[in-house]
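File shown: entry.txt (compact mmCIF, N, CA and C atoms).
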# COMPACT_ATOMS: atom_id res chain seq x y z
N MET G 451 62.54 -2.59 -41.79
CA MET G 451 62.59 -2.65 -40.35
C MET G 451 62.85 -4.08 -39.89
N ARG G 452 62.19 -5.02 -40.53
CA ARG G 452 62.36 -6.42 -40.17
C ARG G 452 63.80 -6.87 -40.43
N GLU G 453 64.35 -6.46 -41.55
CA GLU G 453 65.71 -6.88 -41.91
C GLU G 453 66.74 -6.33 -40.92
N VAL G 454 66.59 -5.09 -40.51
CA VAL G 454 67.52 -4.51 -39.54
C VAL G 454 67.44 -5.26 -38.22
N GLU G 455 66.23 -5.56 -37.79
CA GLU G 455 66.09 -6.31 -36.54
C GLU G 455 66.69 -7.71 -36.66
N GLU G 456 66.45 -8.35 -37.79
CA GLU G 456 66.97 -9.70 -38.00
C GLU G 456 68.50 -9.70 -38.08
N GLU G 457 69.07 -8.77 -38.83
CA GLU G 457 70.51 -8.76 -39.07
C GLU G 457 71.30 -8.13 -37.93
N ALA G 458 70.76 -7.05 -37.33
CA ALA G 458 71.54 -6.29 -36.35
C ALA G 458 71.02 -6.40 -34.93
N GLY G 459 69.82 -6.91 -34.74
CA GLY G 459 69.27 -7.03 -33.40
C GLY G 459 68.67 -5.75 -32.86
N ILE G 460 68.37 -4.80 -33.74
CA ILE G 460 67.82 -3.51 -33.31
C ILE G 460 66.48 -3.28 -34.01
N LEU G 461 65.45 -2.98 -33.24
CA LEU G 461 64.15 -2.60 -33.80
C LEU G 461 64.21 -1.11 -34.09
N ILE G 462 63.87 -0.73 -35.32
CA ILE G 462 63.94 0.67 -35.72
C ILE G 462 62.58 1.16 -36.18
N THR G 463 62.48 2.47 -36.31
CA THR G 463 61.37 3.08 -37.01
C THR G 463 61.96 3.99 -38.08
N VAL G 464 61.40 3.96 -39.26
CA VAL G 464 61.88 4.78 -40.37
C VAL G 464 61.39 6.20 -40.16
N THR G 465 62.31 7.16 -40.29
CA THR G 465 61.97 8.57 -40.07
C THR G 465 61.99 9.41 -41.35
N GLY G 466 62.52 8.85 -42.44
CA GLY G 466 62.52 9.62 -43.68
C GLY G 466 63.36 8.96 -44.76
N LEU G 467 63.27 9.54 -45.94
CA LEU G 467 64.02 9.07 -47.10
C LEU G 467 65.32 9.83 -47.19
N ALA G 468 66.44 9.13 -47.26
CA ALA G 468 67.75 9.76 -47.42
C ALA G 468 68.09 9.94 -48.90
N GLY G 469 67.74 8.93 -49.73
CA GLY G 469 68.05 9.05 -51.14
C GLY G 469 67.76 7.79 -51.91
N VAL G 470 67.78 7.95 -53.23
CA VAL G 470 67.61 6.84 -54.16
C VAL G 470 68.82 6.88 -55.09
N TYR G 471 69.51 5.75 -55.21
CA TYR G 471 70.78 5.71 -55.93
C TYR G 471 70.79 4.58 -56.94
N THR G 472 71.18 4.92 -58.17
CA THR G 472 71.42 3.93 -59.21
C THR G 472 72.16 4.63 -60.34
N GLY G 473 72.59 3.88 -61.32
CA GLY G 473 73.28 4.47 -62.45
C GLY G 473 74.68 3.93 -62.58
N PRO G 474 75.41 4.39 -63.60
CA PRO G 474 76.75 3.87 -63.87
C PRO G 474 77.74 4.06 -62.72
N GLY G 475 77.52 5.05 -61.87
CA GLY G 475 78.40 5.27 -60.74
C GLY G 475 78.16 4.31 -59.59
N HIS G 476 77.16 3.46 -59.74
CA HIS G 476 76.80 2.54 -58.67
C HIS G 476 76.90 1.08 -59.13
N VAL G 477 77.90 0.81 -59.96
CA VAL G 477 78.16 -0.55 -60.43
C VAL G 477 79.20 -1.19 -59.51
N MET G 478 78.88 -2.37 -59.02
CA MET G 478 79.79 -3.11 -58.15
C MET G 478 80.35 -4.30 -58.93
N VAL G 479 81.65 -4.50 -58.84
CA VAL G 479 82.30 -5.66 -59.43
C VAL G 479 82.80 -6.51 -58.28
N TYR G 480 82.32 -7.74 -58.21
CA TYR G 480 82.66 -8.64 -57.11
C TYR G 480 83.86 -9.50 -57.48
N SER G 481 84.50 -10.08 -56.46
CA SER G 481 85.70 -10.90 -56.69
C SER G 481 85.41 -12.10 -57.59
N SER G 482 84.15 -12.51 -57.68
CA SER G 482 83.77 -13.61 -58.57
C SER G 482 83.72 -13.18 -60.03
N GLY G 483 83.84 -11.87 -60.27
CA GLY G 483 83.74 -11.34 -61.63
C GLY G 483 82.36 -10.82 -61.98
N GLN G 484 81.39 -11.09 -61.12
CA GLN G 484 80.03 -10.60 -61.38
C GLN G 484 79.99 -9.08 -61.27
N MET G 485 79.23 -8.46 -62.17
CA MET G 485 79.00 -7.01 -62.13
C MET G 485 77.52 -6.78 -61.92
N ARG G 486 77.22 -5.84 -61.03
CA ARG G 486 75.81 -5.52 -60.79
C ARG G 486 75.66 -4.02 -60.61
N GLN G 487 74.65 -3.48 -61.26
CA GLN G 487 74.31 -2.08 -61.03
C GLN G 487 73.23 -2.06 -59.96
N HIS G 488 73.57 -1.48 -58.83
CA HIS G 488 72.65 -1.46 -57.70
C HIS G 488 71.59 -0.39 -57.86
N PHE G 489 70.46 -0.66 -57.28
CA PHE G 489 69.38 0.30 -57.11
C PHE G 489 69.12 0.32 -55.61
N ALA G 490 69.45 1.41 -54.96
CA ALA G 490 69.35 1.47 -53.51
C ALA G 490 68.41 2.57 -53.07
N VAL G 491 67.52 2.22 -52.17
CA VAL G 491 66.66 3.19 -51.51
C VAL G 491 67.18 3.27 -50.08
N CYS G 492 67.72 4.42 -49.71
CA CYS G 492 68.34 4.59 -48.39
C CYS G 492 67.42 5.42 -47.50
N LEU G 493 67.28 4.97 -46.27
CA LEU G 493 66.34 5.57 -45.34
C LEU G 493 67.04 6.07 -44.09
N HIS G 494 66.46 7.09 -43.47
CA HIS G 494 66.86 7.50 -42.13
C HIS G 494 65.98 6.72 -41.17
N ALA G 495 66.55 6.36 -40.02
CA ALA G 495 65.79 5.61 -39.03
C ALA G 495 66.32 5.93 -37.65
N LYS G 496 65.52 5.60 -36.64
CA LYS G 496 66.00 5.72 -35.27
C LYS G 496 65.72 4.42 -34.54
N PRO G 497 66.61 4.05 -33.62
CA PRO G 497 66.42 2.79 -32.89
C PRO G 497 65.31 2.92 -31.86
N LEU G 498 64.53 1.86 -31.71
CA LEU G 498 63.49 1.82 -30.68
C LEU G 498 63.92 0.95 -29.51
N ARG G 499 64.53 -0.18 -29.81
CA ARG G 499 65.03 -1.07 -28.75
C ARG G 499 65.98 -2.09 -29.35
N GLY G 500 66.73 -2.73 -28.47
CA GLY G 500 67.66 -3.77 -28.89
C GLY G 500 69.10 -3.32 -28.74
N GLU G 501 69.97 -4.28 -28.81
CA GLU G 501 71.42 -4.06 -28.73
C GLU G 501 72.06 -4.63 -29.98
N PRO G 502 73.03 -3.91 -30.56
CA PRO G 502 73.70 -4.44 -31.76
C PRO G 502 74.34 -5.79 -31.50
N ARG G 503 74.24 -6.66 -32.48
CA ARG G 503 74.90 -7.97 -32.43
C ARG G 503 75.99 -7.98 -33.49
N PRO G 504 77.20 -7.54 -33.14
CA PRO G 504 78.25 -7.51 -34.16
C PRO G 504 78.60 -8.92 -34.63
N ASP G 505 78.91 -9.03 -35.91
CA ASP G 505 79.28 -10.33 -36.48
C ASP G 505 80.79 -10.51 -36.54
N HIS G 506 81.53 -9.55 -35.98
CA HIS G 506 82.99 -9.55 -35.95
C HIS G 506 83.62 -9.43 -37.33
N GLU G 507 82.83 -9.13 -38.34
CA GLU G 507 83.35 -8.82 -39.67
C GLU G 507 83.04 -7.37 -40.03
N GLU G 508 81.96 -6.85 -39.47
CA GLU G 508 81.55 -5.47 -39.74
C GLU G 508 81.53 -4.72 -38.41
N ARG G 509 81.68 -3.43 -38.49
CA ARG G 509 81.70 -2.60 -37.29
C ARG G 509 80.30 -2.41 -36.73
N SER G 510 80.22 -2.34 -35.42
CA SER G 510 78.95 -2.00 -34.78
C SER G 510 78.95 -0.55 -34.32
N THR G 511 80.13 0.06 -34.24
CA THR G 511 80.23 1.47 -33.88
C THR G 511 81.24 2.14 -34.80
N PRO G 512 80.92 3.35 -35.27
CA PRO G 512 81.83 4.06 -36.17
C PRO G 512 83.02 4.63 -35.40
N ARG G 513 84.13 4.78 -36.07
CA ARG G 513 85.31 5.42 -35.49
C ARG G 513 85.70 6.60 -36.34
N GLY G 514 85.93 7.74 -35.70
CA GLY G 514 86.47 8.88 -36.42
C GLY G 514 85.47 9.73 -37.16
N GLY G 515 84.19 9.49 -37.00
CA GLY G 515 83.19 10.30 -37.67
C GLY G 515 83.24 10.16 -39.18
N THR G 516 82.63 11.11 -39.87
CA THR G 516 82.55 11.02 -41.33
C THR G 516 83.93 11.16 -41.99
N GLU G 517 84.89 11.78 -41.29
CA GLU G 517 86.22 11.93 -41.87
C GLU G 517 86.87 10.57 -42.10
N ALA G 518 86.49 9.58 -41.32
CA ALA G 518 87.10 8.25 -41.42
C ALA G 518 86.51 7.42 -42.56
N LEU G 519 85.43 7.87 -43.18
CA LEU G 519 84.79 7.08 -44.24
C LEU G 519 85.72 6.83 -45.42
N ASP G 520 86.52 7.82 -45.78
CA ASP G 520 87.42 7.66 -46.93
C ASP G 520 88.44 6.55 -46.72
N ALA G 521 88.75 6.23 -45.48
CA ALA G 521 89.75 5.20 -45.20
C ALA G 521 89.15 3.80 -45.16
N LEU G 522 87.84 3.68 -45.15
CA LEU G 522 87.21 2.36 -45.08
C LEU G 522 87.24 1.66 -46.43
N PRO G 523 87.41 0.34 -46.44
CA PRO G 523 87.45 -0.41 -47.69
C PRO G 523 86.04 -0.69 -48.23
N ILE G 524 85.34 0.39 -48.61
CA ILE G 524 84.00 0.24 -49.16
C ILE G 524 83.93 0.95 -50.51
N HIS G 525 82.97 0.55 -51.31
CA HIS G 525 82.80 1.13 -52.65
C HIS G 525 82.51 2.63 -52.53
N PRO G 526 83.05 3.44 -53.43
CA PRO G 526 82.82 4.89 -53.39
C PRO G 526 81.34 5.28 -53.38
N SER G 527 80.48 4.49 -54.02
CA SER G 527 79.06 4.83 -54.01
C SER G 527 78.46 4.68 -52.61
N MET G 528 78.99 3.73 -51.81
CA MET G 528 78.54 3.58 -50.43
C MET G 528 78.98 4.77 -49.58
N THR G 529 80.22 5.21 -49.81
CA THR G 529 80.72 6.39 -49.10
C THR G 529 79.84 7.59 -49.41
N LEU G 530 79.50 7.77 -50.67
CA LEU G 530 78.64 8.88 -51.09
C LEU G 530 77.31 8.84 -50.34
N ARG G 531 76.67 7.68 -50.29
CA ARG G 531 75.38 7.55 -49.62
C ARG G 531 75.47 7.92 -48.14
N LEU G 532 76.51 7.40 -47.49
CA LEU G 532 76.68 7.67 -46.06
C LEU G 532 76.96 9.14 -45.80
N MET G 533 77.86 9.73 -46.59
CA MET G 533 78.21 11.15 -46.41
C MET G 533 76.99 12.04 -46.62
N GLN G 534 76.24 11.78 -47.66
CA GLN G 534 75.06 12.62 -47.93
C GLN G 534 74.02 12.47 -46.83
N ALA G 535 73.79 11.26 -46.36
CA ALA G 535 72.79 11.03 -45.31
C ALA G 535 73.18 11.72 -44.01
N VAL G 536 74.47 11.71 -43.69
CA VAL G 536 74.92 12.29 -42.43
C VAL G 536 75.07 13.81 -42.52
N LYS G 537 75.65 14.29 -43.62
CA LYS G 537 75.94 15.72 -43.72
C LYS G 537 74.76 16.56 -44.21
N GLN G 538 73.82 15.95 -44.91
CA GLN G 538 72.66 16.68 -45.42
C GLN G 538 71.39 15.88 -45.15
N PRO G 539 71.05 15.64 -43.88
CA PRO G 539 69.94 14.76 -43.55
C PRO G 539 68.57 15.26 -43.98
N ALA G 540 68.41 16.55 -44.15
CA ALA G 540 67.10 17.10 -44.53
C ALA G 540 66.84 17.02 -46.03
N GLN G 541 67.88 16.72 -46.81
CA GLN G 541 67.76 16.68 -48.27
C GLN G 541 67.58 15.24 -48.74
N ILE G 542 66.69 15.02 -49.70
CA ILE G 542 66.54 13.71 -50.35
C ILE G 542 67.46 13.73 -51.56
N HIS G 543 68.37 12.77 -51.61
CA HIS G 543 69.38 12.72 -52.66
C HIS G 543 68.96 11.74 -53.76
N LEU G 544 69.14 12.16 -54.99
CA LEU G 544 68.84 11.33 -56.15
C LEU G 544 70.12 11.25 -56.98
N ALA G 545 70.66 10.05 -57.10
CA ALA G 545 71.91 9.91 -57.85
C ALA G 545 71.89 8.61 -58.61
As structure tokens - that is how I would like this structure written.
Amino acid sequence: MREVEEEAGILITVTGLAGVYTGPGHVMVYSSGQMRQHFAVCLHAKPLRGEPRPDHEERSTPRGGTEALDALPIHPSMTLRLMQAVKQPAQIHLA
């Protein structure tokens, strides 16, 4: 909650667990050559107060709904997390 407020300017409350993700499908290779296998705990949340502070590098509002996710330049494991959280919010995903 603190990190979201610090980074995005929005105070949130956590409403549930969306999923826990790790494994060979969640390896990121960075332009520096570093490889990291992520372990991500993804949560559902709702905003309590605040206004988004866009950094002009990342979007503050989505365009095109979930159909537009495939066109975004993000790692496939991130797309998976977002799609599962949005399309199956009542299910806790383990991958």
One-decimal distance in Å that lies between atom CA of G:Pro523 and atom C of G:Tyr480: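 So the answer is 13.8 Å.
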Among listed residues G:Ala468, G:Ala518, G:Val477, G:Val491, nearest G:Ala535 (using all atoms listed in the file): G:Ala468
Every residue of chain G that DSSP places in strand (DSSP E), as a ChimeraX atom specification: /G:460-471,477-479,485-487,490-500,543-544
For G:Pro539, the nearest of the candidates G:Ala495, G:Glu517, G:His488, G:Glu453, counting only C-alpha atoms: G:Ala495
List every protein, DNA or RNA residue that has at least one atom no more than 10 Å from (63.2, -4.3, -28.6) in the file's coordinates, counting only C-alpha atoms, and write the result as a short mmCIF file (atom, residue, chain, number, x, y, z; two decimals) with N, CA and C atoms, keeping the file's coordinate frame.
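Contents of point21.cif, as written:
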data_model
loop_
_atom_site.label_atom_id
_atom_site.label_comp_id
_atom_site.auth_asym_id
_atom_site.auth_seq_id
_atom_site.Cartn_x
_atom_site.Cartn_y
_atom_site.Cartn_z
N GLU G 455 66.23 -5.56 -37.79
CA GLU G 455 66.09 -6.31 -36.54
C GLU G 455 66.69 -7.71 -36.66
N GLY G 459 69.82 -6.91 -34.74
CA GLY G 459 69.27 -7.03 -33.40
C GLY G 459 68.67 -5.75 -32.86
N ILE G 460 68.37 -4.80 -33.74
CA ILE G 460 67.82 -3.51 -33.31
C ILE G 460 66.48 -3.28 -34.01
N LEU G 461 65.45 -2.98 -33.24
CA LEU G 461 64.15 -2.60 -33.80
C LEU G 461 64.21 -1.11 -34.09
N ILE G 462 63.87 -0.73 -35.32
CA ILE G 462 63.94 0.67 -35.72
C ILE G 462 62.58 1.16 -36.18
N PRO G 497 66.61 4.05 -33.62
CA PRO G 497 66.42 2.79 -32.89
C PRO G 497 65.31 2.92 -31.86
N LEU G 498 64.53 1.86 -31.71
CA LEU G 498 63.49 1.82 -30.68
C LEU G 498 63.92 0.95 -29.51
N ARG G 499 64.53 -0.18 -29.81
CA ARG G 499 65.03 -1.07 -28.75
C ARG G 499 65.98 -2.09 -29.35
N GLY G 500 66.73 -2.73 -28.47
CA GLY G 500 67.66 -3.77 -28.89
C GLY G 500 69.10 -3.32 -28.74
N GLU G 501 69.97 -4.28 -28.81
CA GLU G 501 71.42 -4.06 -28.73
C GLU G 501 72.06 -4.63 -29.98
#
Using only C-alpha atoms, which protein or nucleic acid residues come within 7 Å of G:Met478? Drop anything in the same chain fewer than 5 positions from it, and give the result as a tab-separated table (two decimals) with N, CA and C atoms, in the frame of the given file.
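Contents of selection30.tsv, freshly written:
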chain	number	residue	atom	x	y	z
G	485	MET	N	79.23	-8.46	-62.17
G	485	MET	CA	79.00	-7.01	-62.13
G	485	MET	C	77.52	-6.78	-61.92
G	486	ARG	N	77.22	-5.84	-61.03
G	486	ARG	CA	75.81	-5.52	-60.79
G	486	ARG	C	75.66	-4.02	-60.61
G	487	GLN	N	74.65	-3.48	-61.26
G	487	GLN	CA	74.31	-2.08	-61.03
G	487	GLN	C	73.23	-2.06	-59.96
One-decimal distance in Å that lies between atom N of G:Val454 and atom CA of G:Gln538: 23.1 Å
Distance query G:Ala545 at most 6.5 Å, all atoms listed in the file, self and fewer than 2 positions along chain excluded, as a list of chain:residue names: G:Gly469, G:Val470, G:Tyr471, G:Thr472, G:Gly473, G:His543
Computed interatomic separation between atom C of G:Leu530 and atom C of G:Pro474 (Å): 13.3 Å
Residue contacts of G:Ala540 (12 Å, only C-alpha atoms) excluding same-chain residues fewer than 4 positions away, as number ranges by chain: G: 465-469, 493-494, 534-536
Pick from G:Gln484, G:Phe489, G:Met451, G:His476, whichever lies nearest to G:Met528 using all atoms listed in the file: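 Among the listed residues, the smallest separation from G:Met528 belongs to G:His476.
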